[in-house]
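Trainee: First the structure, which I've put down as structure tokens, then a few questions once you've had a look.
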Amino acid sequence: MHSTQVVKSSKIRSRKMGYTLMELMVVIAIIGLLAAMATVGVRHILVRGYQTTAKSECNQIVMALELYHQEHEAYPPADNLAVLEQKSETTGEKYLAKGDTKDPWGNTYDFFIQDGEIIVKSYGKDGKQGGTGANRDISNTDDK
């Protein structure tokens with residue numbers, strides 16, 4: 001009789017030592033849900049960071065265009081912002097660092113003059129005019 005109790009108690013002990021498959025699956029599902037929610041939140045923050053960077057770069061390009069205009073008495077062609085990555089004849093410094101004519105999504109900035117004001121635009125992640133969210137247009141005149 002004593003040996004039966006030893007067998008039963010060892011079965012109980014071994015059963016309490018680990019987790020069931022169902023318990024492990026529930027924990028993994030909860031971790032997956034938390035990871036998915038965190039990813040969505042981080043993605044939104046990343047998009048806002050790109051948009052803030054694009055706005056700042058638009059303002060830098062405006063200043064570079066104004067300096068270029070002072071030196072050359074004309075603006076560069078609208079489809080050739082890469083000219084701003086060359087050295088200034090007056091100062092010997094570049095108007096913009098290499099790569100600053102591309103927005104955070106890798107699209108080339110667009111610029112034009114409207115009512116005597118320089119407007120520099122990024123067309124967002126999709127590179128197309130219009131859009132919302134990550135695809136919204138950003139320019140140096142936003143929030144004026």
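Just so we're on the same page: first chain in the structure tokens is A, next is B, and so on; residues restart at 1 for each chain, and ligands are numbered from 1 in the order they show up.
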Report as a ChimeraX atom specification all protein, DNA and RNA residues lying within 12 Å of Pro77 in chain A, evaluated on only C-alpha atoms, omitting residues in the same chain fewer than 6 positions from it.
Mentor: /A:65,68-69,83-84,110-113
Trainee: With C-alpha atoms retained, write the just-selected residues as a compact mmCIF listing (two decimals), in the first residue's frame.
Mentor:
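Saved file part_15.txt follows:
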# COMPACT_ATOMS: atom_id res chain seq x y z
CA LEU A 65 17.62 78.24 -53.03
CA TYR A 68 21.79 80.16 -54.93
CA HIS A 69 19.54 82.95 -56.25
CA VAL A 83 22.73 71.61 -58.39
CA LEU A 84 22.38 72.63 -54.73
CA ASP A 110 9.75 69.58 -55.79
CA PHE A 111 9.94 73.36 -55.73
CA PHE A 112 8.14 76.21 -57.42
CA ILE A 113 7.52 79.92 -56.93
Trainee: Among range 12-134 of chain A, which residues carry a DSSP assignment of alpha helix (DSSP H), reported as a PyMOL selection string?
Mentor: chain A and resi 12-17+21-72
Trainee: Keeping only C-alpha atoms, write those residues as a tab-separated table (two decimals), in the first residue's frame.
Mentor:
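Result file selection09.tsv:
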chain	number	residue	atom	x	y	z
A	12	ILE	CA	1.06	14.57	-8.99
A	13	ARG	CA	4.48	16.14	-8.60
A	14	SER	CA	5.47	15.60	-12.22
A	15	ARG	CA	2.18	17.06	-13.43
A	16	LYS	CA	2.65	20.25	-11.40
A	17	MET	CA	6.24	20.73	-12.57
A	21	LEU	CA	0.30	23.05	-24.06
A	22	MET	CA	-2.87	25.13	-23.76
A	23	GLU	CA	-1.31	27.41	-21.12
A	24	LEU	CA	1.76	27.94	-23.29
A	25	MET	CA	-0.38	28.72	-26.34
A	26	VAL	CA	-2.40	31.31	-24.39
A	27	VAL	CA	0.79	33.02	-23.17
A	28	ILE	CA	2.26	33.06	-26.70
A	29	ALA	CA	-0.99	34.50	-28.09
A	30	ILE	CA	-0.98	37.28	-25.49
A	31	ILE	CA	2.67	38.13	-26.26
A	32	GLY	CA	1.81	38.21	-29.98
A	33	LEU	CA	-1.08	40.62	-29.40
A	34	LEU	CA	1.09	42.92	-27.29
A	35	ALA	CA	3.84	42.89	-29.93
A	36	ALA	CA	1.33	43.72	-32.68
A	37	MET	CA	-0.07	46.66	-30.68
A	38	ALA	CA	3.44	47.98	-30.00
A	39	THR	CA	4.37	47.73	-33.69
A	40	VAL	CA	1.34	49.78	-34.75
A	41	GLY	CA	2.21	52.48	-32.20
A	42	VAL	CA	5.86	52.62	-33.24
A	43	ARG	CA	4.94	52.82	-36.93
A	44	HIS	CA	2.84	55.93	-36.29
A	45	ILE	CA	5.74	57.56	-34.46
A	46	LEU	CA	8.10	56.67	-37.31
A	47	VAL	CA	5.78	58.27	-39.90
A	48	ARG	CA	5.55	61.46	-37.80
A	49	GLY	CA	9.35	61.53	-37.56
A	50	TYR	CA	9.69	61.26	-41.33
A	51	GLN	CA	7.17	64.06	-41.82
A	52	THR	CA	8.97	66.32	-39.32
A	53	THR	CA	12.28	65.61	-41.07
A	54	ALA	CA	10.73	66.41	-44.46
A	55	LYS	CA	9.36	69.75	-43.17
A	56	SER	CA	12.78	70.69	-41.77
A	57	GLU	CA	14.52	69.72	-45.01
A	58	CYS	CA	12.00	71.80	-47.00
A	59	ASN	CA	13.03	74.84	-44.97
A	60	GLN	CA	16.74	74.07	-45.53
A	61	ILE	CA	16.18	73.79	-49.26
A	62	VAL	CA	14.41	77.18	-49.28
A	63	MET	CA	17.46	78.77	-47.62
A	64	ALA	CA	19.79	77.03	-50.11
A	65	LEU	CA	17.62	78.24	-53.03
A	66	GLU	CA	17.74	81.81	-51.72
A	67	LEU	CA	21.54	81.66	-51.43
A	68	TYR	CA	21.79	80.16	-54.93
A	69	HIS	CA	19.54	82.95	-56.25
A	70	GLN	CA	21.71	85.64	-54.64
A	71	GLU	CA	24.83	84.25	-56.30
A	72	HIS	CA	23.39	83.41	-59.74
Trainee: Report as a PyMOL selection string: the residues of chain A with a DSSP assignment of strand (DSSP E or B), based on the backbone of this structure.
Mentor: chain A and resi 87+94+102+108+110-114+117-122+138-139
Trainee: For Asp126 in chain A, work out the shell of residues within 6 Å, counting only C-alpha atoms and skipping chain neighbours fewer than 2 positions away, then give it as a PyMOL selection string.
Mentor: chain A and resi 124+128+135
Trainee: Output the selection as a PDB file, in the first residue's frame - C-alpha atoms for each residue.
Mentor:
ATOM      1  CA  GLY A 124       4.930  61.870 -48.930  1.00  0.00           C
ATOM      2  CA  LYS A 128       2.170  61.411 -55.510  1.00  0.00           C
ATOM      3  CA  ASN A 135       1.182  59.826 -48.035  1.00  0.00           C
TER       4      ASN A 135
END
Trainee: Which of these, A:Ala134, A:Ala74, A:Leu81, A:Leu96, has the shortest distance to Thr108 in chain A once you count only C-alpha atoms?
Mentor: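 Residue with the minimum atom-to-atom distance to Thr108 in chain A: A:Leu81.
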